[in-house]
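File shown: run_34.pdb (PDB, N, CA and C atoms).
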ATOM      1  N   MET A  98      -3.718  -2.646  23.178
ATOM      2  CA  MET A  98      -3.072  -1.507  22.549
ATOM      3  C   MET A  98      -1.665  -1.372  23.123
ATOM      4  N   GLU A  99      -0.764  -0.936  22.296
ATOM      5  CA  GLU A  99       0.601  -0.691  22.747
ATOM      6  C   GLU A  99       1.137   0.570  22.078
ATOM      7  N   LEU A 100       2.180   1.136  22.653
ATOM      8  CA  LEU A 100       2.785   2.339  22.093
ATOM      9  C   LEU A 100       3.757   1.980  20.983
ATOM     10  N   VAL A 101       3.637   2.673  19.857
ATOM     11  CA  VAL A 101       4.599   2.578  18.756
ATOM     12  C   VAL A 101       5.068   4.002  18.459
ATOM     13  N   THR A 102       6.203   4.109  17.803
ATOM     14  CA  THR A 102       6.743   5.430  17.462
ATOM     15  C   THR A 102       6.679   5.639  15.960
ATOM     16  N   GLN A 103       6.023   6.720  15.555
ATOM     17  CA  GLN A 103       5.977   7.128  14.152
ATOM     18  C   GLN A 103       7.043   8.194  13.949
ATOM     19  N   THR A 104       7.920   7.982  12.975
ATOM     20  CA  THR A 104       8.968   8.955  12.658
ATOM     21  C   THR A 104       8.675   9.546  11.290
ATOM     22  N   ARG A 105       8.528  10.856  11.265
ATOM     23  CA  ARG A 105       8.278  11.563  10.016
ATOM     24  C   ARG A 105       9.525  12.327   9.630
ATOM     25  N   LEU A 106       9.984  12.125   8.406
ATOM     26  CA  LEU A 106      11.128  12.850   7.870
ATOM     27  C   LEU A 106      10.604  14.009   7.035
ATOM     28  N   SER A 107      11.145  15.194   7.268
ATOM     29  CA  SER A 107      10.696  16.353   6.497
ATOM     30  C   SER A 107      11.870  17.295   6.274
ATOM     31  N   SER A 108      11.683  18.195   5.338
ATOM     32  CA  SER A 108      12.708  19.179   5.024
ATOM     33  C   SER A 108      12.048  20.534   4.860
ATOM     34  N   SER A 109      12.559  21.519   5.594
ATOM     35  CA  SER A 109      11.986  22.859   5.470
ATOM     36  C   SER A 109      13.031  23.878   5.011
ATOM     37  N   SER A 110      14.262  23.402   4.813
ATOM     38  CA  SER A 110      15.320  24.316   4.364
ATOM     39  C   SER A 110      16.376  23.534   3.592
ATOM     40  N   VAL A 111      17.334  24.260   3.066
ATOM     41  CA  VAL A 111      18.464  23.646   2.362
ATOM     42  C   VAL A 111      19.764  24.151   2.978
ATOM     43  N   ASP A 112      20.815  23.348   2.814
ATOM     44  CA  ASP A 112      22.110  23.750   3.356
ATOM     45  C   ASP A 112      22.878  24.592   2.338
ATOM     46  N   SER A 113      24.135  24.884   2.626
ATOM     47  CA  SER A 113      24.941  25.746   1.752
ATOM     48  C   SER A 113      25.217  25.107   0.385
ATOM     49  N   TYR A 114      25.005  23.782   0.260
ATOM     50  CA  TYR A 114      25.179  23.091  -1.020
ATOM     51  C   TYR A 114      23.845  22.895  -1.744
ATOM     52  N   ASN A 115      22.804  23.546  -1.233
ATOM     53  CA  ASN A 115      21.455  23.475  -1.792
ATOM     54  C   ASN A 115      20.837  22.074  -1.666
ATOM     55  N   LEU A 116      21.285  21.312  -0.655
ATOM     56  CA  LEU A 116      20.713  20.005  -0.360
ATOM     57  C   LEU A 116      19.731  20.153   0.803
ATOM     58  N   PRO A 117      18.647  19.357   0.805
ATOM     59  CA  PRO A 117      17.659  19.498   1.869
ATOM     60  C   PRO A 117      18.229  19.128   3.243
ATOM     61  N   VAL A 118      17.831  19.877   4.242
ATOM     62  CA  VAL A 118      18.173  19.570   5.633
ATOM     63  C   VAL A 118      17.012  18.749   6.187
ATOM     64  N   ILE A 119      17.293  17.481   6.516
ATOM     65  CA  ILE A 119      16.253  16.552   6.952
ATOM     66  C   ILE A 119      16.044  16.669   8.461
ATOM     67  N   THR A 120      14.780  16.784   8.843
ATOM     68  CA  THR A 120      14.386  16.841  10.247
ATOM     69  C   THR A 120      13.546  15.612  10.562
ATOM     70  N   ARG A 121      13.833  14.964  11.696
ATOM     71  CA  ARG A 121      13.067  13.794  12.143
ATOM     72  C   ARG A 121      12.145  14.216  13.283
ATOM     73  N   THR A 122      10.864  13.873  13.148
ATOM     74  CA  THR A 122       9.890  14.163  14.200
ATOM     75  C   THR A 122       9.280  12.851  14.665
ATOM     76  N   ASP A 123       9.450  12.527  15.951
ATOM     77  CA  ASP A 123       8.903  11.295  16.520
ATOM     78  C   ASP A 123       7.595  11.586  17.243
ATOM     79  N   THR A 124       6.613  10.701  17.036
ATOM     80  CA  THR A 124       5.316  10.798  17.697
ATOM     81  C   THR A 124       4.962   9.431  18.261
ATOM     82  N   SER A 125       4.587   9.371  19.529
ATOM     83  CA  SER A 125       4.125   8.119  20.128
ATOM     84  C   SER A 125       2.639   7.950  19.853
ATOM     85  N   LEU A 126       2.265   6.765  19.391
ATOM     86  CA  LEU A 126       0.875   6.478  19.045
ATOM     87  C   LEU A 126       0.428   5.183  19.703
ATOM     88  N   ASN A 127      -0.841   5.106  20.056
ATOM     89  CA  ASN A 127      -1.432   3.846  20.487
ATOM     90  C   ASN A 127      -1.790   3.043  19.253
ATOM     91  N   ALA A 128      -1.482   1.758  19.264
ATOM     92  CA  ALA A 128      -1.773   0.921  18.102
ATOM     93  C   ALA A 128      -2.073  -0.493  18.538
ATOM     94  N   ALA A 129      -2.922  -1.147  17.785
ATOM     95  CA  ALA A 129      -3.073  -2.594  17.881
ATOM     96  C   ALA A 129      -2.166  -3.147  16.787
ATOM     97  N   VAL A 130      -1.360  -4.146  17.136
ATOM     98  CA  VAL A 130      -0.371  -4.692  16.206
ATOM     99  C   VAL A 130      -0.738  -6.129  15.889
ATOM    100  N   ALA A 131      -0.716  -6.478  14.599
ATOM    101  CA  ALA A 131      -1.004  -7.846  14.173
ATOM    102  C   ALA A 131       0.023  -8.274  13.132
ATOM    103  N   PRO A 132       0.392  -9.566  13.109
ATOM    104  CA  PRO A 132       1.301 -10.033  12.067
ATOM    105  C   PRO A 132       0.597 -10.021  10.720
ATOM    106  N   ARG A 133       1.366  -9.817   9.682
ATOM    107  CA  ARG A 133       0.822  -9.851   8.316
ATOM    108  C   ARG A 133       1.510 -11.004   7.615
ATOM    109  N   THR A 134       0.748 -11.917   7.098
ATOM    110  CA  THR A 134       1.334 -13.091   6.463
ATOM    111  C   THR A 134       0.916 -13.189   5.007
ATOM    112  N   THR A 135       1.757 -13.803   4.235
ATOM    113  CA  THR A 135       1.433 -14.109   2.853
ATOM    114  C   THR A 135       1.876 -15.541   2.594
ATOM    115  N   THR A 136       1.407 -16.101   1.533
ATOM    116  CA  THR A 136       1.808 -17.453   1.169
ATOM    117  C   THR A 136       2.639 -17.385  -0.094
ATOM    118  N   LYS A 137       3.806 -17.986  -0.042
ATOM    119  CA  LYS A 137       4.674 -18.044  -1.204
ATOM    120  C   LYS A 137       4.890 -19.503  -1.578
ATOM    121  N   THR A 138       4.933 -19.790  -2.861
ATOM    122  CA  THR A 138       5.176 -21.153  -3.304
ATOM    123  C   THR A 138       6.663 -21.435  -3.245
ATOM    124  N   VAL A 139       6.999 -22.471  -2.490
ATOM    125  CA  VAL A 139       8.390 -22.899  -2.369
ATOM    126  C   VAL A 139       8.422 -24.353  -2.800
ATOM    127  N   GLY A 140       8.948 -24.606  -4.007
ATOM    128  CA  GLY A 140       8.948 -25.981  -4.526
ATOM    129  C   GLY A 140       7.524 -26.424  -4.821
ATOM    130  N   ALA A 141       7.204 -27.660  -4.422
ATOM    131  CA  ALA A 141       5.885 -28.226  -4.706
ATOM    132  C   ALA A 141       4.872 -27.895  -3.614
ATOM    133  N   SER A 142       5.309 -27.268  -2.529
ATOM    134  CA  SER A 142       4.384 -26.964  -1.431
ATOM    135  C   SER A 142       4.303 -25.461  -1.210
ATOM    136  N   GLU A 143       3.331 -25.051  -0.412
ATOM    137  CA  GLU A 143       3.211 -23.642  -0.067
ATOM    138  C   GLU A 143       3.617 -23.450   1.383
ATOM    139  N   THR A 144       4.371 -22.407   1.639
ATOM    140  CA  THR A 144       4.838 -22.101   2.976
ATOM    141  C   THR A 144       4.338 -20.723   3.368
ATOM    142  N   THR A 145       3.794 -20.596   4.568
ATOM    143  CA  THR A 145       3.341 -19.305   5.061
ATOM    144  C   THR A 145       4.523 -18.570   5.677
ATOM    145  N   ILE A 146       4.731 -17.347   5.236
ATOM    146  CA  ILE A 146       5.871 -16.559   5.676
ATOM    147  C   ILE A 146       5.354 -15.237   6.234
ATOM    148  N   ILE A 147       5.839 -14.852   7.413
ATOM    149  CA  ILE A 147       5.448 -13.555   7.960
ATOM    150  C   ILE A 147       6.223 -12.474   7.214
ATOM    151  N   GLU A 148       5.501 -11.541   6.617
ATOM    152  CA  GLU A 148       6.097 -10.505   5.789
ATOM    153  C   GLU A 148       6.258  -9.172   6.506
ATOM    154  N   GLY A 149       5.544  -8.965   7.576
ATOM    155  CA  GLY A 149       5.603  -7.673   8.249
ATOM    156  C   GLY A 149       4.512  -7.584   9.287
ATOM    157  N   LEU A 150       4.038  -6.380   9.526
ATOM    158  CA  LEU A 150       3.005  -6.132  10.524
ATOM    159  C   LEU A 150       1.890  -5.292   9.927
ATOM    160  N   THR A 151       0.741  -5.348  10.576
ATOM    161  CA  THR A 151      -0.352  -4.432  10.283
ATOM    162  C   THR A 151      -0.627  -3.657  11.559
ATOM    163  N   LEU A 152      -0.668  -2.333  11.441
ATOM    164  CA  LEU A 152      -0.999  -1.473  12.573
ATOM    165  C   LEU A 152      -2.421  -0.962  12.414
ATOM    166  N   TYR A 153      -3.149  -0.972  13.516
ATOM    167  CA  TYR A 153      -4.492  -0.383  13.581
ATOM    168  C   TYR A 153      -4.365   0.830  14.492
ATOM    169  N   LEU A 154      -4.444   2.018  13.902
ATOM    170  CA  LEU A 154      -4.232   3.282  14.613
ATOM    171  C   LEU A 154      -5.546   3.998  14.839
ATOM    172  N   ASP A 155      -5.522   4.980  15.732
ATOM    173  CA  ASP A 155      -6.714   5.776  16.005
ATOM    174  C   ASP A 155      -7.148   6.545  14.759
ATOM    175  N   ALA A 156      -8.429   6.874  14.708
ATOM    176  CA  ALA A 156      -8.965   7.672  13.608
ATOM    177  C   ALA A 156      -8.265   9.028  13.588
ATOM    178  N   GLY A 157      -8.005   9.533  12.392
ATOM    179  CA  GLY A 157      -7.399  10.849  12.244
ATOM    180  C   GLY A 157      -5.886  10.857  12.169
ATOM    181  N   VAL A 158      -5.239   9.705  12.417
ATOM    182  CA  VAL A 158      -3.774   9.655  12.307
ATOM    183  C   VAL A 158      -3.404   9.742  10.833
ATOM    184  N   VAL A 159      -2.490  10.642  10.507
ATOM    185  CA  VAL A 159      -2.036  10.814   9.132
ATOM    186  C   VAL A 159      -0.738  10.046   8.956
ATOM    187  N   VAL A 160      -0.699   9.176   7.942
ATOM    188  CA  VAL A 160       0.488   8.372   7.670
ATOM    189  C   VAL A 160       0.983   8.711   6.269
ATOM    190  N   SER A 161       2.246   9.088   6.193
ATOM    191  CA  SER A 161       2.884   9.397   4.914
ATOM    192  C   SER A 161       3.610   8.147   4.410
ATOM    193  N   PRO A 162       3.715   7.981   3.089
ATOM    194  CA  PRO A 162       4.424   6.806   2.556
ATOM    195  C   PRO A 162       5.894   6.733   2.982
ATOM    196  N   THR A 163       6.469   7.848   3.398
ATOM    197  CA  THR A 163       7.878   7.850   3.798
ATOM    198  C   THR A 163       8.066   7.744   5.313
ATOM    199  N   ASP A 164       6.982   7.594   6.057
ATOM    200  CA  ASP A 164       7.087   7.461   7.512
ATOM    201  C   ASP A 164       7.772   6.144   7.877
ATOM    202  N   GLU A 165       8.382   6.149   9.047
ATOM    203  CA  GLU A 165       8.968   4.942   9.623
ATOM    204  C   GLU A 165       8.275   4.704  10.954
ATOM    205  N   PHE A 166       8.153   3.441  11.345
ATOM    206  CA  PHE A 166       7.547   3.091  12.618
ATOM    207  C   PHE A 166       8.488   2.182  13.388
ATOM    208  N   THR A 167       8.614   2.435  14.684
ATOM    209  CA  THR A 167       9.364   1.548  15.553
ATOM    210  C   THR A 167       8.354   0.789  16.398
ATOM    211  N   VAL A 168       8.359  -0.535  16.229
ATOM    212  CA  VAL A 168       7.423  -1.408  16.931
ATOM    213  C   VAL A 168       8.238  -2.468  17.660
ATOM    214  N   ARG A 169       8.106  -2.504  18.979
ATOM    215  CA  ARG A 169       8.818  -3.482  19.816
ATOM    216  C   ARG A 169      10.313  -3.482  19.534
ATOM    217  N   GLY A 170      10.851  -2.269  19.326
ATOM    218  CA  GLY A 170      12.285  -2.111  19.134
ATOM    219  C   GLY A 170      12.781  -2.359  17.723
ATOM    220  N   GLN A 171      11.907  -2.710  16.796
ATOM    221  CA  GLN A 171      12.281  -2.974  15.409
ATOM    222  C   GLN A 171      11.781  -1.843  14.509
ATOM    223  N   LEU A 172      12.588  -1.489  13.508
ATOM    224  CA  LEU A 172      12.224  -0.425  12.578
ATOM    225  C   LEU A 172      11.484  -1.003  11.383
ATOM    226  N   TYR A 173      10.339  -0.392  11.045
ATOM    227  CA  TYR A 173       9.513  -0.818   9.913
ATOM    228  C   TYR A 173       9.222   0.369   9.006
ATOM    229  N   LEU A 174       9.021   0.075   7.725
ATOM    230  CA  LEU A 174       8.670   1.073   6.722
ATOM    231  C   LEU A 174       7.235   0.845   6.261
ATOM    232  N   VAL A 175       6.581   1.894   5.816
ATOM    233  CA  VAL A 175       5.215   1.780   5.301
ATOM    234  C   VAL A 175       5.254   0.977   4.008
ATOM    235  N   ASP A 176       4.353   0.007   3.908
ATOM    236  CA  ASP A 176       4.271  -0.862   2.730
ATOM    237  C   ASP A 176       2.906  -0.665   2.082
ATOM    238  N   GLY A 177       2.830   0.221   1.102
ATOM    239  CA  GLY A 177       1.552   0.533   0.465
ATOM    240  C   GLY A 177       0.958   1.798   1.059
ATOM    241  N   GLU A 178      -0.327   1.959   0.868
ATOM    242  CA  GLU A 178      -1.018   3.154   1.354
ATOM    243  C   GLU A 178      -1.737   2.869   2.661
ATOM    244  N   ALA A 179      -1.752   3.857   3.538
ATOM    245  CA  ALA A 179      -2.556   3.759   4.753
ATOM    246  C   ALA A 179      -4.026   3.872   4.344
ATOM    247  N   PHE A 180      -4.890   3.190   5.085
ATOM    248  CA  PHE A 180      -6.311   3.171   4.744
ATOM    249  C   PHE A 180      -7.123   3.702   5.909
ATOM    250  N   ASP A 181      -7.919   4.733   5.649
ATOM    251  CA  ASP A 181      -8.820   5.307   6.653
ATOM    252  C   ASP A 181     -10.100   4.482   6.641
ATOM    253  N   TRP A 182     -10.228   3.606   7.622
ATOM    254  CA  TRP A 182     -11.304   2.624   7.667
ATOM    255  C   TRP A 182     -12.581   3.268   8.189
ATOM    256  N   ARG A 183     -13.626   3.301   7.386
ATOM    257  CA  ARG A 183     -14.914   3.840   7.810
ATOM    258  C   ARG A 183     -16.043   3.030   7.197
ATOM    259  N   SER A 184     -17.203   3.201   7.752
ATOM    260  CA  SER A 184     -18.330   2.366   7.349
ATOM    261  C   SER A 184     -18.973   2.829   6.052
ATOM    262  N   GLY A 185     -19.106   4.119   5.859
ATOM    263  CA  GLY A 185     -19.797   4.615   4.671
ATOM    264  C   GLY A 185     -21.301   4.710   4.878
ATOM    265  N   ILE A 186     -21.810   4.086   5.931
ATOM    266  CA  ILE A 186     -23.245   4.104   6.207
ATOM    267  C   ILE A 186     -23.578   5.123   7.284
ATOM    268  N   GLY A 187     -22.695   5.242   8.266
ATOM    269  CA  GLY A 187     -22.934   6.175   9.362
ATOM    270  C   GLY A 187     -21.642   6.881   9.737
ATOM    271  N   ASP A 188     -21.543   7.211  11.016
ATOM    272  CA  ASP A 188     -20.365   7.920  11.506
ATOM    273  C   ASP A 188     -19.280   6.984  12.020
ATOM    274  N   TRP A 189     -19.447   5.685  11.863
ATOM    275  CA  TRP A 189     -18.493   4.710  12.394
ATOM    276  C   TRP A 189     -17.158   4.844  11.673
ATOM    277  N   ASN A 190     -16.090   5.139  12.424
ATOM    278  CA  ASN A 190     -14.747   5.300  11.869
ATOM    279  C   ASN A 190     -13.755   4.749  12.896
ATOM    280  N   PRO A 191     -13.457   3.445  12.821
ATOM    281  CA  PRO A 191     -12.603   2.839  13.835
ATOM    282  C   PRO A 191     -11.146   3.252  13.762
ATOM    283  N   GLY A 192     -10.674   3.744  12.626
ATOM    284  CA  GLY A 192      -9.295   4.210  12.585
ATOM    285  C   GLY A 192      -8.593   3.988  11.274
ATOM    286  N   VAL A 193      -7.273   4.053  11.358
ATOM    287  CA  VAL A 193      -6.405   3.963  10.188
ATOM    288  C   VAL A 193      -5.659   2.637  10.238
ATOM    289  N   VAL A 194      -5.600   1.952   9.098
ATOM    290  CA  VAL A 194      -4.891   0.686   8.985
ATOM    291  C   VAL A 194      -3.689   0.900   8.077
ATOM    292  N   VAL A 195      -2.514   0.436   8.527
ATOM    293  CA  VAL A 195      -1.307   0.595   7.717
ATOM    294  C   VAL A 195      -0.483  -0.690   7.786
ATOM    295  N   ASN A 196      -0.044  -1.158   6.622
ATOM    296  CA  ASN A 196       0.846  -2.313   6.541
ATOM    297  C   ASN A 196       2.298  -1.856   6.594
ATOM    298  N   LEU A 197       3.118  -2.635   7.269
ATOM    299  CA  LEU A 197       4.532  -2.318   7.415
ATOM    300  C   LEU A 197       5.391  -3.480   6.971
ATOM    301  N   ARG A 198       6.594  -3.168   6.516
ATOM    302  CA  ARG A 198       7.605  -4.191   6.235
ATOM    303  C   ARG A 198       8.860  -3.822   6.993
ATOM    304  N   ARG A 199       9.596  -4.836   7.429
ATOM    305  CA  ARG A 199      10.790  -4.581   8.226
ATOM    306  C   ARG A 199      11.839  -3.865   7.379
ATOM    307  N   SER A 200      12.484  -2.881   7.975
ATOM    308  CA  SER A 200      13.538  -2.136   7.288
ATOM    309  C   SER A 200      14.773  -3.007   7.158
ATOM    310  N   GLN A 201      15.410  -2.946   6.005
ATOM    311  CA  GLN A 201      16.655  -3.694   5.784
ATOM    312  C   GLN A 201      17.880  -2.891   6.243
ATOM    313  N   ASN A 202      17.671  -1.640   6.646
ATOM    314  CA  ASN A 202      18.775  -0.752   7.026
ATOM    315  C   ASN A 202      19.053  -0.755   8.524
ATOM    316  N   VAL A 203      18.717  -1.837   9.192
ATOM    317  CA  VAL A 203      18.923  -1.875  10.652
ATOM    318  C   VAL A 203      20.212  -2.591  10.964
TER     319      VAL A 203
END
So that I can check it, write out the structure of this file as structure tokens.
Amino acid sequence: MELVTQTRLSSSSVDSYNLPVITRTDTSLNAAVAPRTTTKTVGASETTIIEGLTLYLDAGVVVSPTDEFTVRGQLYLVDGEAFDWRSGIGDWNPGVVVNLRRSQNV
């Protein structure tokens, strides 16, 4: 497990021009980090390309589609929906799984 930072952007007010005032809230979370790979066809062969990361977070962590994560000093964006992983048979709930893609705004 390693520490990652979840950044949530929110707005609770507007400025004098009626534009939202954005607030950033950082939260440190324990996570298991794994590379996420996909295969893309390049010419006549297939090449495996690392597309981002997968985070395995503790149960109960809420992830918004607009959240940002800092992992090992790199900024990542949520790619798809976070998944609350549970068994469905009993009380087993190992946590939340979220895919990330590297931010192009770094």
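Minimum atom-to-atom distances from A:Val195, A:Val111, A:Leu106, A:Leu154 to Ala179 in chain A were compared using all atoms listed in the file, and the lowest value belongs to A:Val195.
Once the PyMOL selection byres (((chain A and resi 161 and name CA) around 9) and name CA) is applied to the depicted file, the selected set reads Arg105, Val159, Val160, Pro162, Thr163, Asp164, Glu165, Val175, Glu178 and Ala179 of chain A.
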Write the residues of the preceding selection, restricted to N, CA and C atoms, as a short mmCIF file (atom, residue, chain, number, x, y, z; two decimals), in the coordinates of the input.
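Saved file again-v6.cif follows:
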data_model
loop_
_atom_site.label_atom_id
_atom_site.label_comp_id
_atom_site.auth_asym_id
_atom_site.auth_seq_id
_atom_site.Cartn_x
_atom_site.Cartn_y
_atom_site.Cartn_z
N ARG A 105 8.53 10.86 11.26
CA ARG A 105 8.28 11.56 10.02
C ARG A 105 9.52 12.33 9.63
N VAL A 159 -2.49 10.64 10.51
CA VAL A 159 -2.04 10.81 9.13
C VAL A 159 -0.74 10.05 8.96
N VAL A 160 -0.70 9.18 7.94
CA VAL A 160 0.49 8.37 7.67
C VAL A 160 0.98 8.71 6.27
N PRO A 162 3.72 7.98 3.09
CA PRO A 162 4.42 6.81 2.56
C PRO A 162 5.89 6.73 2.98
N THR A 163 6.47 7.85 3.40
CA THR A 163 7.88 7.85 3.80
C THR A 163 8.07 7.74 5.31
N ASP A 164 6.98 7.59 6.06
CA ASP A 164 7.09 7.46 7.51
C ASP A 164 7.77 6.14 7.88
N GLU A 165 8.38 6.15 9.05
CA GLU A 165 8.97 4.94 9.62
C GLU A 165 8.28 4.70 10.95
N VAL A 175 6.58 1.89 5.82
CA VAL A 175 5.22 1.78 5.30
C VAL A 175 5.25 0.98 4.01
N GLU A 178 -0.33 1.96 0.87
CA GLU A 178 -1.02 3.15 1.35
C GLU A 178 -1.74 2.87 2.66
N ALA A 179 -1.75 3.86 3.54
CA ALA A 179 -2.56 3.76 4.75
C ALA A 179 -4.03 3.87 4.34
#
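Taken over the whole file, the PyMOL selection byres ((chain A and resi 109) around 7) covers exactly Ser107, Ser108, Ser110, Val111, Pro117, Val118, Ile119 and Thr120 of chain A.
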Legend entry - atom N of Trp189 in chain A to atom C of Arg133 in chain A, straight-line distance in Å: 27.1 Å
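Going from atom N of Gly177 in chain A to atom C of Val194 in chain A covers 9.6 Å.
Distance check against Ala128 in chain A using all atoms listed in the file: of A:Gln201, A:Asn190, A:Thr151, A:Ser113, the minimum falls on A:Thr151.
CA of Thr122 in chain A sits 18.1 Å away from CA of Ser200 in chain A.
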Inset, instruction - Just the residues within 6 Å of Gln103 in chain A, please, counting only N, CA and C atoms, with nothing from its chain fewer than 5 positions along; format it as a list in words. - result: Thr122, Asp123, Thr124, Ser125, Leu126, Glu165, Phe166 and Thr167 of chain A
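Around Asp155 in chain A, within 7 Å and counting all atoms listed in the file, the residues found are Asn127, Ala128, Ala129, Pro191, Gly192 and Val193 of chain A, once anything fewer than 5 positions away on its own chain is removed.
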Legend entry - Output of the PyMOL selection byres (((chain A and resi 132 and name CA) around 9) and name CA), listed as a PyMOL selection string: chain A and resi 130-131+133-134+147-152
Taking all atoms of range 101-113 of chain A that appear in the file, build a box with edges along x, y and z, extend it by 8 Å on every side, and state its centre and edge lengths in Å to one decimal, as lines of an AutoDock Vina configuration file.
center_x = 14.4
center_y = 14.2
center_z = 10.1
size_x = 37.6
size_y = 39.2
size_z = 35.5
